[in-house]
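Structure data (CSV, C-alpha atoms and all ligand atoms) from my_file_2.csv:
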chain,number,residue,atom,x,y,z
S,1359,MET,CA,-206.1,-6.5,-22.0
S,1360,THR,CA,-209.8,-6.8,-23.0
S,1361,PRO,CA,-210.2,-7.4,-26.8
S,1362,ALA,CA,-211.7,-4.3,-28.5
S,1363,LYS,CA,-214.9,-4.5,-30.5
S,1364,ASN,CA,-213.3,-2.8,-33.5
S,1365,TYR,CA,-209.9,-1.8,-34.8
S,1366,THR,CA,-209.0,1.7,-33.5
S,1367,LYS,CA,-209.1,4.6,-36.0
S,1368,ILE,CA,-205.3,4.8,-35.8
S,1369,ALA,CA,-204.9,1.0,-36.6
S,1370,VAL,CA,-207.2,1.4,-39.6
S,1371,LEU,CA,-205.4,4.4,-40.9
S,1372,LEU,CA,-202.0,2.7,-40.5
S,1373,HIS,CA,-203.2,-0.5,-42.1
S,1374,TRP,CA,-204.4,1.2,-45.3
S,1375,PHE,CA,-201.6,3.7,-45.5
S,1376,ILE,CA,-198.9,1.1,-45.1
S,1377,ALA,CA,-200.8,-1.2,-47.6
S,1378,LEU,CA,-200.8,1.7,-50.2
S,1379,LEU,CA,-197.1,2.5,-49.7
S,1380,ILE,CA,-196.2,-1.2,-50.0
S,1381,LEU,CA,-198.1,-1.5,-53.3
S,1382,CYS,CA,-196.4,1.7,-54.6
S,1383,ASN,CA,-193.1,0.2,-53.7
S,1384,ILE,CA,-193.8,-3.1,-55.4
S,1385,VAL,CA,-194.8,-1.3,-58.6
S,1386,LEU,CA,-191.7,1.0,-58.4
S,1387,GLY,CA,-189.3,-1.9,-57.5
S,1388,LEU,CA,-190.5,-4.0,-60.4
S,1389,GLY,CA,-191.0,-1.0,-62.7
S,1390,SER,CA,-187.4,0.1,-62.3
S,1391,HIS,CA,-186.4,-2.8,-64.6
S,1392,TYR,CA,-188.6,-1.5,-67.4
S,1393,VAL,CA,-188.1,2.3,-67.4
S,1394,PRO,CA,-185.4,4.1,-69.6
S,1395,ASP,CA,-182.0,4.2,-67.9
S,1396,ALA,CA,-182.3,8.0,-67.4
S,1397,ASP,CA,-185.3,7.4,-65.1
S,1398,VAL,CA,-184.0,4.5,-63.0
S,1399,ARG,CA,-182.3,6.7,-60.4
S,1400,THR,CA,-185.5,8.8,-59.8
S,1401,ILE,CA,-187.7,5.7,-59.5
S,1402,ILE,CA,-185.2,4.0,-57.1
S,1403,ASP,CA,-184.8,7.2,-55.0
S,1404,LEU,CA,-188.6,7.4,-54.6
S,1405,HIS,CA,-188.6,3.6,-53.8
S,1406,LYS,CA,-186.0,4.1,-51.0
S,1407,SER,CA,-187.9,7.1,-49.6
S,1408,ILE,CA,-191.2,5.1,-49.4
S,1409,GLY,CA,-189.4,2.1,-48.0
S,1410,ILE,CA,-187.8,4.0,-45.1
S,1411,THR,CA,-191.3,5.6,-44.5
S,1412,VAL,CA,-192.8,2.1,-44.3
S,1413,LEU,CA,-190.1,1.1,-41.8
S,1414,GLY,CA,-191.0,4.0,-39.5
S,1415,LEU,CA,-194.7,3.3,-39.8
S,1416,ALA,CA,-194.1,-0.4,-39.1
S,1417,PHE,CA,-192.6,0.5,-35.7
S,1418,VAL,CA,-195.6,2.8,-35.0
S,1419,ARG,CA,-198.0,0.0,-36.0
S,1420,PHE,CA,-196.1,-2.6,-34.0
S,1421,PHE,CA,-196.2,-0.5,-30.8
S,1422,TRP,CA,-199.8,0.4,-31.4
S,1423,ARG,CA,-200.7,-3.2,-31.8
S,1424,PHE,CA,-199.1,-4.1,-28.5
S,1425,ASN,CA,-201.1,-1.5,-26.6
S,1426,HIS,CA,-204.4,-2.1,-28.4
S,1427,SER,CA,-205.7,-5.7,-28.8
S,1428,PRO,CA,-207.4,-6.4,-32.1
S,1429,PRO,CA,-211.1,-7.3,-32.1
S,1430,PRO,CA,-211.8,-11.1,-31.9
S,1431,PHE,CA,-212.6,-13.0,-35.2
S,1432,PRO,CA,-216.3,-13.2,-36.0
S,1433,PRO,CA,-217.8,-16.4,-34.4
S,1434,GLY,CA,-218.3,-18.3,-37.6
S,1435,TYR,CA,-214.6,-18.8,-38.4
S,1436,ARG,CA,-213.2,-22.3,-38.3
S,1437,LYS,CA,-210.1,-23.2,-36.4
S,1438,TRP,CA,-207.9,-23.6,-39.5
S,1439,GLU,CA,-209.1,-20.2,-40.7
S,1440,ARG,CA,-208.1,-18.5,-37.5
S,1441,ILE,CA,-204.7,-20.1,-37.6
S,1442,ALA,CA,-204.2,-19.3,-41.3
S,1443,ALA,CA,-205.3,-15.6,-40.7
S,1444,GLN,CA,-203.0,-15.3,-37.6
S,1445,THR,CA,-200.1,-16.8,-39.4
S,1446,ALA,CA,-200.5,-14.4,-42.4
S,1447,HIS,CA,-200.7,-11.5,-40.0
S,1448,VAL,CA,-197.4,-12.5,-38.2
S,1449,LEU,CA,-195.7,-13.0,-41.6
S,1450,LEU,CA,-196.9,-9.7,-42.8
S,1451,TYR,CA,-195.5,-8.0,-39.7
S,1452,VAL,CA,-192.1,-9.7,-40.3
S,1453,LEU,CA,-192.1,-8.7,-44.0
S,1454,ILE,CA,-193.0,-5.1,-43.4
S,1455,PHE,CA,-189.8,-4.9,-41.3
S,1456,ALA,CA,-187.6,-7.3,-43.4
S,1457,MET,CA,-188.3,-5.7,-46.8
S,1458,PRO,CA,-187.1,-2.2,-45.8
S,1459,VAL,CA,-184.2,-3.4,-43.7
S,1460,THR,CA,-182.8,-5.7,-46.4
S,1461,GLY,CA,-183.3,-2.9,-49.0
S,1462,TRP,CA,-181.5,-0.5,-46.7
S,1463,ILE,CA,-178.6,-2.9,-46.1
S,1464,HIS,CA,-178.4,-3.6,-49.9
S,1465,ASP,CA,-178.3,0.1,-50.6
S,1466,SER,CA,-175.8,0.9,-47.8
S,1467,ALA,CA,-173.3,-1.6,-49.4
S,1468,TRP,CA,-173.7,0.0,-52.8
S,1469,ASP,CA,-170.3,1.1,-54.2
S,1470,GLN,CA,-171.7,4.4,-55.3
S,1471,ALA,CA,-173.3,5.2,-51.9
S,1472,ALA,CA,-170.8,7.9,-51.0
S,1473,THR,CA,-171.4,9.8,-54.3
S,1474,HIS,CA,-175.2,9.4,-54.1
S,1475,PRO,CA,-176.2,10.5,-50.6
S,1476,MET,CA,-179.7,9.5,-49.6
S,1477,GLN,CA,-182.5,12.1,-49.3
S,1478,LEU,CA,-186.0,11.2,-48.4
S,1479,PHE,CA,-188.3,12.5,-51.0
S,1480,TRP,CA,-185.5,14.7,-52.3
S,1481,THR,CA,-185.7,16.9,-49.1
S,1482,ILE,CA,-184.7,15.1,-45.9
S,1483,PRO,CA,-181.1,13.9,-45.7
S,1484,TRP,CA,-181.0,10.3,-44.6
S,1485,PHE,CA,-178.2,8.1,-43.4
S,1486,ARG,CA,-176.7,4.8,-44.7
S,1487,LEU,CA,-176.0,2.1,-42.1
S,1488,GLY,CA,-172.5,2.9,-40.8
S,1489,PHE,CA,-171.5,-0.7,-40.0
S,1490,ILE,CA,-172.1,-1.6,-43.6
S,1491,THR,CA,-170.5,1.5,-45.3
S,1492,SER,CA,-167.3,1.0,-43.2
S,1493,LEU,CA,-166.8,-2.5,-44.6
S,1494,ASP,CA,-163.9,-3.2,-46.9
S,1495,PRO,CA,-164.8,-3.0,-50.7
S,1496,ALA,CA,-164.8,-6.7,-51.3
S,1497,THR,CA,-167.0,-7.6,-48.3
S,1498,LYS,CA,-169.3,-4.7,-49.2
S,1499,GLU,CA,-169.7,-6.0,-52.8
S,1500,MET,CA,-170.6,-9.4,-51.3
S,1501,VAL,CA,-173.1,-7.9,-48.9
S,1502,HIS,CA,-174.6,-5.7,-51.7
S,1503,SER,CA,-175.2,-8.7,-53.9
S,1504,LEU,CA,-176.4,-11.0,-51.1
S,1505,PHE,CA,-178.9,-8.6,-49.7
S,1506,GLY,CA,-180.1,-7.6,-53.2
S,1507,HIS,CA,-181.0,-11.3,-53.7
S,1508,VAL,CA,-182.6,-11.5,-50.2
S,1509,HIS,CA,-184.6,-8.4,-50.9
S,1510,SER,CA,-185.8,-9.8,-54.1
S,1511,LEU,CA,-186.6,-13.3,-52.6
S,1512,LEU,CA,-188.6,-11.7,-49.8
S,1513,SER,CA,-190.6,-9.7,-52.3
S,1514,TYR,CA,-191.8,-13.1,-53.7
S,1515,ALA,CA,-192.8,-14.2,-50.1
S,1516,LEU,CA,-194.6,-10.8,-49.8
S,1517,TYR,CA,-196.6,-11.4,-53.0
S,1518,GLY,CA,-197.6,-14.9,-51.6
S,1519,VAL,CA,-198.6,-13.7,-48.1
S,1520,LEU,CA,-200.3,-10.6,-49.4
S,1521,GLY,CA,-202.2,-12.6,-51.9
S,1522,ALA,CA,-203.3,-15.1,-49.3
S,1523,HIS,CA,-204.3,-12.3,-46.9
S,1524,VAL,CA,-206.4,-10.5,-49.6
S,1525,LEU,CA,-208.0,-13.7,-50.9
S,1526,GLY,CA,-208.8,-14.8,-47.3
S,1527,ALA,CA,-210.5,-11.5,-46.6
S,1528,LEU,CA,-212.5,-11.7,-49.8
S,1529,LYS,CA,-213.6,-15.3,-49.1
S,1530,HIS,CA,-215.0,-14.2,-45.7
S,1531,GLN,CA,-216.6,-11.2,-47.2
S,1532,ILE,CA,-218.1,-12.7,-50.4
S,1533,ILE,CA,-218.5,-16.4,-49.8
S,1534,ASP,CA,-219.1,-16.6,-46.1
S,1535,LYS,CA,-221.0,-13.2,-46.1
S,1536,GLN,CA,-219.1,-12.0,-43.0
S,1537,PRO,CA,-218.5,-8.2,-42.4
S,1538,GLU,CA,-214.8,-8.7,-43.0
S,1539,LEU,CA,-213.8,-5.5,-44.7
S,1540,GLN,CA,-216.0,-3.4,-42.3
S,1541,ARG,CA,-213.7,-4.6,-39.5
S,1542,MET,CA,-210.9,-2.7,-41.2
S,1543,TRP,CA,-212.9,0.3,-42.4
S,1544,ARG,CA,-214.8,3.0,-40.6
Z,1601,LIG,C1,-191.9,-1.5,-48.2
Z,1601,LIG,C2,-190.7,-1.7,-48.3
Z,1601,LIG,C3,-190.1,-2.2,-49.6
Z,1601,LIG,C4,-190.7,-3.1,-50.5
Z,1601,LIG,C5,-192.1,-3.7,-50.5
Z,1601,LIG,C6,-189.7,-3.3,-51.6
Z,1601,LIG,C7,-189.9,-4.0,-52.7
Z,1601,LIG,C8,-189.0,-4.2,-53.8
Z,1601,LIG,C9,-189.2,-4.9,-55.0
Z,1601,LIG,C10,-190.5,-5.7,-55.3
Z,1601,LIG,C11,-188.1,-4.8,-55.7
Z,1601,LIG,C12,-187.9,-5.5,-57.1
Z,1601,LIG,C13,-187.2,-6.9,-56.8
Z,1601,LIG,C14,-186.9,-7.6,-58.0
Z,1601,LIG,O1,-186.7,-7.1,-59.1
Z,1601,LIG,O2,-186.9,-8.9,-57.9
Z,1601,LIG,C15,-187.2,-4.0,-55.0
Z,1601,LIG,C16,-185.9,-3.6,-55.5
Z,1601,LIG,C17,-185.1,-2.7,-54.9
Z,1601,LIG,N1,-185.2,-2.2,-53.6
Z,1601,LIG,FE1,-186.9,-2.4,-52.4
Z,1601,LIG,N2,-188.6,-2.6,-51.3
Z,1601,LIG,C18,-188.8,-1.9,-50.1
Z,1601,LIG,C19,-187.9,-1.1,-49.4
Z,1601,LIG,C20,-186.6,-0.7,-49.8
Z,1601,LIG,C21,-185.7,0.2,-49.1
Z,1601,LIG,C22,-186.0,0.8,-47.8
Z,1601,LIG,C23,-184.6,0.3,-49.9
Z,1601,LIG,C24,-183.4,1.1,-49.7
Z,1601,LIG,C25,-183.2,2.0,-48.8
Z,1601,LIG,C26,-184.8,-0.5,-51.1
Z,1601,LIG,C27,-183.9,-0.6,-52.1
Z,1601,LIG,C28,-184.2,-1.3,-53.3
Z,1601,LIG,C29,-183.3,-1.3,-54.5
Z,1601,LIG,C30,-181.9,-0.5,-54.6
Z,1601,LIG,C31,-183.8,-2.2,-55.4
Z,1601,LIG,C32,-183.3,-2.5,-56.8
Z,1601,LIG,C33,-182.5,-3.7,-56.8
Z,1601,LIG,C34,-182.0,-3.9,-58.2
Z,1601,LIG,O3,-182.7,-4.4,-59.0
Z,1601,LIG,O4,-180.8,-3.5,-58.4
Z,1601,LIG,N3,-186.1,-1.1,-51.0
Z,1601,LIG,N4,-187.7,-3.6,-53.8

As structure tokens, the full file:
Amino acid sequence: MTPAKNYTKIAVLLHWFIALLILCNIVLGLGSHYVPDADVRTIIDLHKSIGITVLGLAFVRFFWRFNHSPPPFPPGYRKWERIAAQTAHVLLYVLIFAMPVTGWIHDSAWDQAATHPMQLFWTIPWFRLGFITSLDPATKEMVHSLFGHVHSLLSYALYGVLGAHVLGALKHQIIDKQPELQRMWR
């Protein structure tokens, strides 16, 4: 495949839309610890809806990426910068799948899942993962707790990789005076 000169319009839209949804979900996930008990369910229900949406969009982004090569890095980039940027991109792809999937497993193993059916944005009925909901109660409790921890640990990884990705882009834009943001903006 010949590398494109720019990211496609679809790639740009997906990039910023997914970024916005992930930021919302970080705020909602962390914020859920600080809101009054009466509001926790609403916040977490919205968090789950956004997370499942991110998972769907991650598949679209992934398949789009396979059929549309990204533009090459600008010529001034050093080798270590290319490797660092590519590593961050791969890790971000992994995390935009891993965050929703671990959250979904955690939620499917919740002991109150049966009495709190999932609905995306309070409208579209959504399913829990059958191979988790059918586990015996003790195993389910273990899976619930384990994946709650994994979901939380991955969120720390996400802060780190996201921070590196944004700082790297800003370094190229401001210090190296490369048209970095323009590559992902039309
Ligand atoms: C873009 C995807 C997602 C991101 C970035 C994300 C991020 C987070 C963050 C930052 C937290 C707080 C972690 C902590 O307090 O240490 C959290 C908690 C939580 N997430 Fe997600 N999440 C995502 C998707 C999902 C999905 C799809 C579900 C379920 C279907 C889910 C279910 C939960 C639940 C139930 C909690 C609360 C855990 C607790 O404190 O009991 N998440 N998430």

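Considering all atoms listed in the file, the residue among S:Ile1376, S:Leu1512, S:Leu1487, S:Ala1443 positioned nearest to Met1457 (chain S) is S:Leu1512.
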
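Among the candidate residues S:Ile1482, S:Ile1368, S:Leu1516, S:Val1393, the one lying nearest to ligand LIG 1601 (chain Z) is S:Leu1516, with distances computed using all atoms listed in the file.
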
Each chain S residue no farther than 8 Å from ligand LIG 1601 (chain Z), nearest pair in Å, all atoms listed in the file, as a Markdown table:
| residue | atom | partner | partner_atom | distance |
| --- | --- | --- | --- | --- |
| S:Leu1379 | CA | Z:LIG1601 | C1 | 6.7 |
| S:Ile1380 | CA | Z:LIG1601 | C1 | 4.7 |
| S:Leu1381 | CA | Z:LIG1601 | C5 | 7.0 |
| S:Asn1383 | CA | Z:LIG1601 | C5 | 5.1 |
| S:Ile1384 | CA | Z:LIG1601 | C10 | 4.2 |
| S:Val1385 | CA | Z:LIG1601 | C10 | 7.0 |
| S:Leu1386 | CA | Z:LIG1601 | C9 | 7.3 |
| S:Gly1387 | CA | Z:LIG1601 | C11 | 3.6 |
| S:Leu1388 | CA | Z:LIG1601 | C12 | 4.5 |
| S:Gly1389 | CA | Z:LIG1601 | C12 | 7.8 |
| S:Ser1390 | CA | Z:LIG1601 | O3 | 7.3 |
| S:His1391 | CA | Z:LIG1601 | O3 | 6.9 |
| S:Ile1402 | CA | Z:LIG1601 | C30 | 6.1 |
| S:His1405 | CA | Z:LIG1601 | N3 | 6.0 |
| S:Lys1406 | CA | Z:LIG1601 | C25 | 4.1 |
| S:Ser1407 | CA | Z:LIG1601 | C22 | 6.8 |
| S:Ile1408 | CA | Z:LIG1601 | C1 | 6.7 |
| S:Gly1409 | CA | Z:LIG1601 | C22 | 3.6 |
| S:Ile1410 | CA | Z:LIG1601 | C22 | 4.6 |
| S:Thr1411 | CA | Z:LIG1601 | C22 | 7.9 |
| S:Val1412 | CA | Z:LIG1601 | C1 | 5.4 |
| S:Leu1413 | CA | Z:LIG1601 | C2 | 7.1 |
| S:Ile1454 | CA | Z:LIG1601 | C1 | 6.1 |
| S:Phe1455 | CA | Z:LIG1601 | C2 | 7.7 |
| S:Met1457 | CA | Z:LIG1601 | C3 | 4.8 |
| S:Pro1458 | CA | Z:LIG1601 | C22 | 3.8 |
| S:Val1459 | CA | Z:LIG1601 | C22 | 6.1 |
| S:Thr1460 | CA | Z:LIG1601 | C21 | 7.1 |
| S:Gly1461 | CA | Z:LIG1601 | C26 | 3.5 |
| S:Trp1462 | CA | Z:LIG1601 | C25 | 3.7 |
| S:Ile1463 | CA | Z:LIG1601 | C24 | 7.2 |
| S:His1464 | CA | Z:LIG1601 | C30 | 6.6 |
| S:Asp1465 | CA | Z:LIG1601 | C24 | 5.3 |
| S:Ser1466 | CA | Z:LIG1601 | C25 | 7.5 |
| S:Gly1506 | CA | Z:LIG1601 | C33 | 5.8 |
| S:His1507 | CA | Z:LIG1601 | O2 | 7.6 |
| S:His1509 | CA | Z:LIG1601 | N4 | 6.4 |
| S:Ser1510 | CA | Z:LIG1601 | O2 | 4.1 |
| S:Leu1511 | CA | Z:LIG1601 | O2 | 6.9 |
| S:Ser1513 | CA | Z:LIG1601 | C10 | 5.0 |
| S:Tyr1514 | CA | Z:LIG1601 | C10 | 7.7 |
| S:Leu1516 | CA | Z:LIG1601 | C5 | 7.6 |

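Straight-line separation from CA of Phe1505 (chain S) to CA of Leu1520 (chain S): 21.5 Å.
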
Query raised in the report: At a cut-off of 10 Å from (-190.1, 14.4, -51.1) in the coordinates of the file, what residues are picked up using only C-alpha atoms, written as a ChimeraX atom specification?
Result: /S:1403-1404,1407-1408,1477-1482

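One finds CA of Ala1369 (chain S) at 7.3 Å from CA of Trp1422 (chain S).
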
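You can rank S:Ala1377, S:Ala1446, S:Met1476, S:Ala1416 by their closest distance to His1523 (chain S) using only C-alpha atoms, and at the top of that list sits S:Ala1446.
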
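Among S:Ala1467, S:Val1508, S:Leu1415, S:Leu1378, the residue with the shortest atom-to-atom distance to Phe1489 (chain S), counting all atoms listed in the file, is S:Ala1467.
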
Centre and size of axis-aligned box enclosing region 1504-1516 of chain S plus 3 Å each side, as AutoDock Vina command-line options:
--center_x -185.5 --center_y -10.9 --center_z -51.9 --size_x 24.2 --size_y 12.6 --size_z 10.4

Report task. Find the residues near Ser1492 (chain S): any atom within 12 Å, counting only C-alpha atoms, skip ones fewer than 3 places away on the same chain, and give them as a list in words. Result -> Ser1466, Ala1467, Trp1468, Asp1469, Ala1471, Ala1472, Arg1486, Leu1487, Gly1488, Phe1489, Pro1495, Ala1496, Thr1497 and Lys1498 of chain S

Selection file, C-alpha atoms, as an mmCIF file, in the frame of the given file:
data_model
loop_
_atom_site.group_PDB
_atom_site.id
_atom_site.type_symbol
_atom_site.label_atom_id
_atom_site.label_comp_id
_atom_site.auth_asym_id
_atom_site.auth_seq_id
_atom_site.Cartn_x
_atom_site.Cartn_y
_atom_site.Cartn_z
ATOM 1 C CA SER S 1466 -175.800 0.900 -47.800
ATOM 2 C CA ALA S 1467 -173.300 -1.600 -49.400
ATOM 3 C CA TRP S 1468 -173.700 0.000 -52.800
ATOM 4 C CA ASP S 1469 -170.300 1.100 -54.200
ATOM 5 C CA ALA S 1471 -173.300 5.200 -51.900
ATOM 6 C CA ALA S 1472 -170.800 7.900 -51.000
ATOM 7 C CA ARG S 1486 -176.700 4.800 -44.700
ATOM 8 C CA LEU S 1487 -176.000 2.100 -42.100
ATOM 9 C CA GLY S 1488 -172.500 2.900 -40.800
ATOM 10 C CA PHE S 1489 -171.500 -0.700 -40.000
ATOM 11 C CA PRO S 1495 -164.800 -3.000 -50.700
ATOM 12 C CA ALA S 1496 -164.800 -6.700 -51.300
ATOM 13 C CA THR S 1497 -167.000 -7.600 -48.300
ATOM 14 C CA LYS S 1498 -169.300 -4.700 -49.200
#

Report task. Can you pull out every residue within 8 Å of Tyr1365 (chain S), counting only C-alpha atoms, but drop anything in the same chain fewer than 3 positions away, and send it as a PyMOL selection string? Result -> chain S and resi 1362+1369-1370+1428-1429+1541-1542

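As for CA of Cys1382 (chain S) and CA of Thr1400 (chain S), they are spaced 14.0 Å apart.
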
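Using all atoms listed in the file, the smallest distance between any of S:Arg1399, S:Arg1436, S:His1502, S:His1474 and Asp1534 (chain S) comes from S:Arg1436.
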
Query raised in the report: Which residue gives the smallest distance to Gln1470 (chain S) among S:Val1448, S:Glu1499, S:Trp1484, S:Leu1539, with only C-alpha atoms counted?
Result: S:Glu1499

**Report entry** Selection near Thr1445 (chain S), 12 Å with only C-alpha atoms, sequence-local residues under 3 positions removed, as a PyMOL selection string
**Finding:** chain S and resi 1438-1442+1448-1452+1519-1520+1522-1523+1526

Repaired coordinates for region 1426-1435 of chain S (all heavy atoms) as a PDB file, keeping the file's coordinate frame:
ATOM      1  N   HIS S1426    -202.973  -2.080 -28.065  1.00  0.00           N
ATOM      2  CA  HIS S1426    -204.400  -2.100 -28.400  1.00  0.00           C
ATOM      3  C   HIS S1426    -204.707  -3.476 -29.040  1.00  0.00           C
ATOM      4  O   HIS S1426    -204.355  -3.736 -30.190  1.00  0.00           O
ATOM      5  CB  HIS S1426    -204.726  -1.018 -29.462  1.00  0.00           C
ATOM      6  CG  HIS S1426    -204.465   0.357 -28.948  1.00  0.00           C
ATOM      7  ND1 HIS S1426    -203.221   0.925 -28.964  1.00  0.00           N
ATOM      8  CD2 HIS S1426    -205.284   1.261 -28.371  1.00  0.00           C
ATOM      9  CE1 HIS S1426    -203.286   2.134 -28.429  1.00  0.00           C
ATOM     10  NE2 HIS S1426    -204.530   2.358 -28.056  1.00  0.00           N
ATOM     11  N   SER S1427    -205.401  -4.313 -28.266  1.00  0.00           N
ATOM     12  CA  SER S1427    -205.700  -5.700 -28.800  1.00  0.00           C
ATOM     13  C   SER S1427    -206.678  -5.554 -29.965  1.00  0.00           C
ATOM     14  O   SER S1427    -207.592  -4.724 -29.964  1.00  0.00           O
ATOM     15  CB  SER S1427    -206.454  -6.451 -27.686  1.00  0.00           C
ATOM     16  OG  SER S1427    -205.527  -6.830 -26.731  1.00  0.00           O
ATOM     17  N   PRO S1428    -206.484  -6.421 -30.968  1.00  0.00           N
ATOM     18  CA  PRO S1428    -207.400  -6.400 -32.100  1.00  0.00           C
ATOM     19  C   PRO S1428    -208.745  -7.011 -31.716  1.00  0.00           C
ATOM     20  O   PRO S1428    -208.805  -7.779 -30.749  1.00  0.00           O
ATOM     21  CB  PRO S1428    -206.694  -7.265 -33.150  1.00  0.00           C
ATOM     22  CG  PRO S1428    -205.818  -8.155 -32.363  1.00  0.00           C
ATOM     23  CD  PRO S1428    -205.442  -7.431 -31.111  1.00  0.00           C
ATOM     24  N   PRO S1429    -209.807  -6.693 -32.448  1.00  0.00           N
ATOM     25  CA  PRO S1429    -211.100  -7.300 -32.100  1.00  0.00           C
ATOM     26  C   PRO S1429    -211.032  -8.823 -32.405  1.00  0.00           C
ATOM     27  O   PRO S1429    -210.256  -9.248 -33.266  1.00  0.00           O
ATOM     28  CB  PRO S1429    -212.064  -6.628 -33.106  1.00  0.00           C
ATOM     29  CG  PRO S1429    -211.211  -6.088 -34.196  1.00  0.00           C
ATOM     30  CD  PRO S1429    -209.865  -5.816 -33.608  1.00  0.00           C
ATOM     31  N   PRO S1430    -211.830  -9.635 -31.678  1.00  0.00           N
ATOM     32  CA  PRO S1430    -211.800 -11.100 -31.900  1.00  0.00           C
ATOM     33  C   PRO S1430    -212.343 -11.387 -33.326  1.00  0.00           C
ATOM     34  O   PRO S1430    -213.067 -10.572 -33.901  1.00  0.00           O
ATOM     35  CB  PRO S1430    -212.705 -11.654 -30.848  1.00  0.00           C
ATOM     36  CG  PRO S1430    -213.565 -10.525 -30.417  1.00  0.00           C
ATOM     37  CD  PRO S1430    -212.827  -9.253 -30.679  1.00  0.00           C
ATOM     38  N   PHE S1431    -212.011 -12.583 -33.860  1.00  0.00           N
ATOM     39  CA  PHE S1431    -212.600 -13.000 -35.200  1.00  0.00           C
ATOM     40  C   PHE S1431    -214.089 -13.181 -34.981  1.00  0.00           C
ATOM     41  O   PHE S1431    -214.543 -13.579 -33.909  1.00  0.00           O
ATOM     42  CB  PHE S1431    -211.967 -14.316 -35.604  1.00  0.00           C
ATOM     43  CG  PHE S1431    -210.532 -14.187 -36.038  1.00  0.00           C
ATOM     44  CD1 PHE S1431    -209.520 -14.841 -35.339  1.00  0.00           C
ATOM     45  CD2 PHE S1431    -210.181 -13.428 -37.140  1.00  0.00           C
ATOM     46  CE1 PHE S1431    -208.193 -14.727 -35.736  1.00  0.00           C
ATOM     47  CE2 PHE S1431    -208.859 -13.310 -37.544  1.00  0.00           C
ATOM     48  CZ  PHE S1431    -207.867 -13.962 -36.840  1.00  0.00           C
ATOM     49  N   PRO S1432    -214.851 -12.936 -36.046  1.00  0.00           N
ATOM     50  CA  PRO S1432    -216.300 -13.200 -36.000  1.00  0.00           C
ATOM     51  C   PRO S1432    -216.493 -14.707 -35.612  1.00  0.00           C
ATOM     52  O   PRO S1432    -215.657 -15.549 -35.959  1.00  0.00           O
ATOM     53  CB  PRO S1432    -216.788 -12.930 -37.386  1.00  0.00           C
ATOM     54  CG  PRO S1432    -215.772 -11.992 -37.960  1.00  0.00           C
ATOM     55  CD  PRO S1432    -214.466 -12.366 -37.339  1.00  0.00           C
ATOM     56  N   PRO S1433    -217.608 -15.050 -34.929  1.00  0.00           N
ATOM     57  CA  PRO S1433    -217.800 -16.400 -34.400  1.00  0.00           C
ATOM     58  C   PRO S1433    -217.777 -17.528 -35.405  1.00  0.00           C
ATOM     59  O   PRO S1433    -217.374 -18.636 -35.079  1.00  0.00           O
ATOM     60  CB  PRO S1433    -219.156 -16.317 -33.676  1.00  0.00           C
ATOM     61  CG  PRO S1433    -219.709 -14.982 -33.967  1.00  0.00           C
ATOM     62  CD  PRO S1433    -218.676 -14.127 -34.600  1.00  0.00           C
ATOM     63  N   GLY S1434    -218.173 -17.249 -36.655  1.00  0.00           N
ATOM     64  CA  GLY S1434    -218.300 -18.300 -37.600  1.00  0.00           C
ATOM     65  C   GLY S1434    -216.953 -18.910 -38.139  1.00  0.00           C
ATOM     66  O   GLY S1434    -216.948 -19.888 -38.876  1.00  0.00           O
ATOM     67  N   TYR S1435    -215.840 -18.324 -37.783  1.00  0.00           N
ATOM     68  CA  TYR S1435    -214.600 -18.800 -38.400  1.00  0.00           C
ATOM     69  C   TYR S1435    -214.156 -20.134 -37.816  1.00  0.00           C
ATOM     70  O   TYR S1435    -214.179 -20.371 -36.621  1.00  0.00           O
ATOM     71  CB  TYR S1435    -213.438 -17.766 -38.002  1.00  0.00           C
ATOM     72  CG  TYR S1435    -213.446 -16.503 -38.823  1.00  0.00           C
ATOM     73  CD1 TYR S1435    -214.623 -16.006 -39.351  1.00  0.00           C
ATOM     74  CD2 TYR S1435    -212.268 -15.811 -39.061  1.00  0.00           C
ATOM     75  CE1 TYR S1435    -214.633 -14.840 -40.090  1.00  0.00           C
ATOM     76  CE2 TYR S1435    -212.270 -14.644 -39.805  1.00  0.00           C
ATOM     77  CZ  TYR S1435    -213.456 -14.167 -40.313  1.00  0.00           C
ATOM     78  OH  TYR S1435    -213.459 -13.015 -41.042  1.00  0.00           O
TER      79      TYR S1435
END
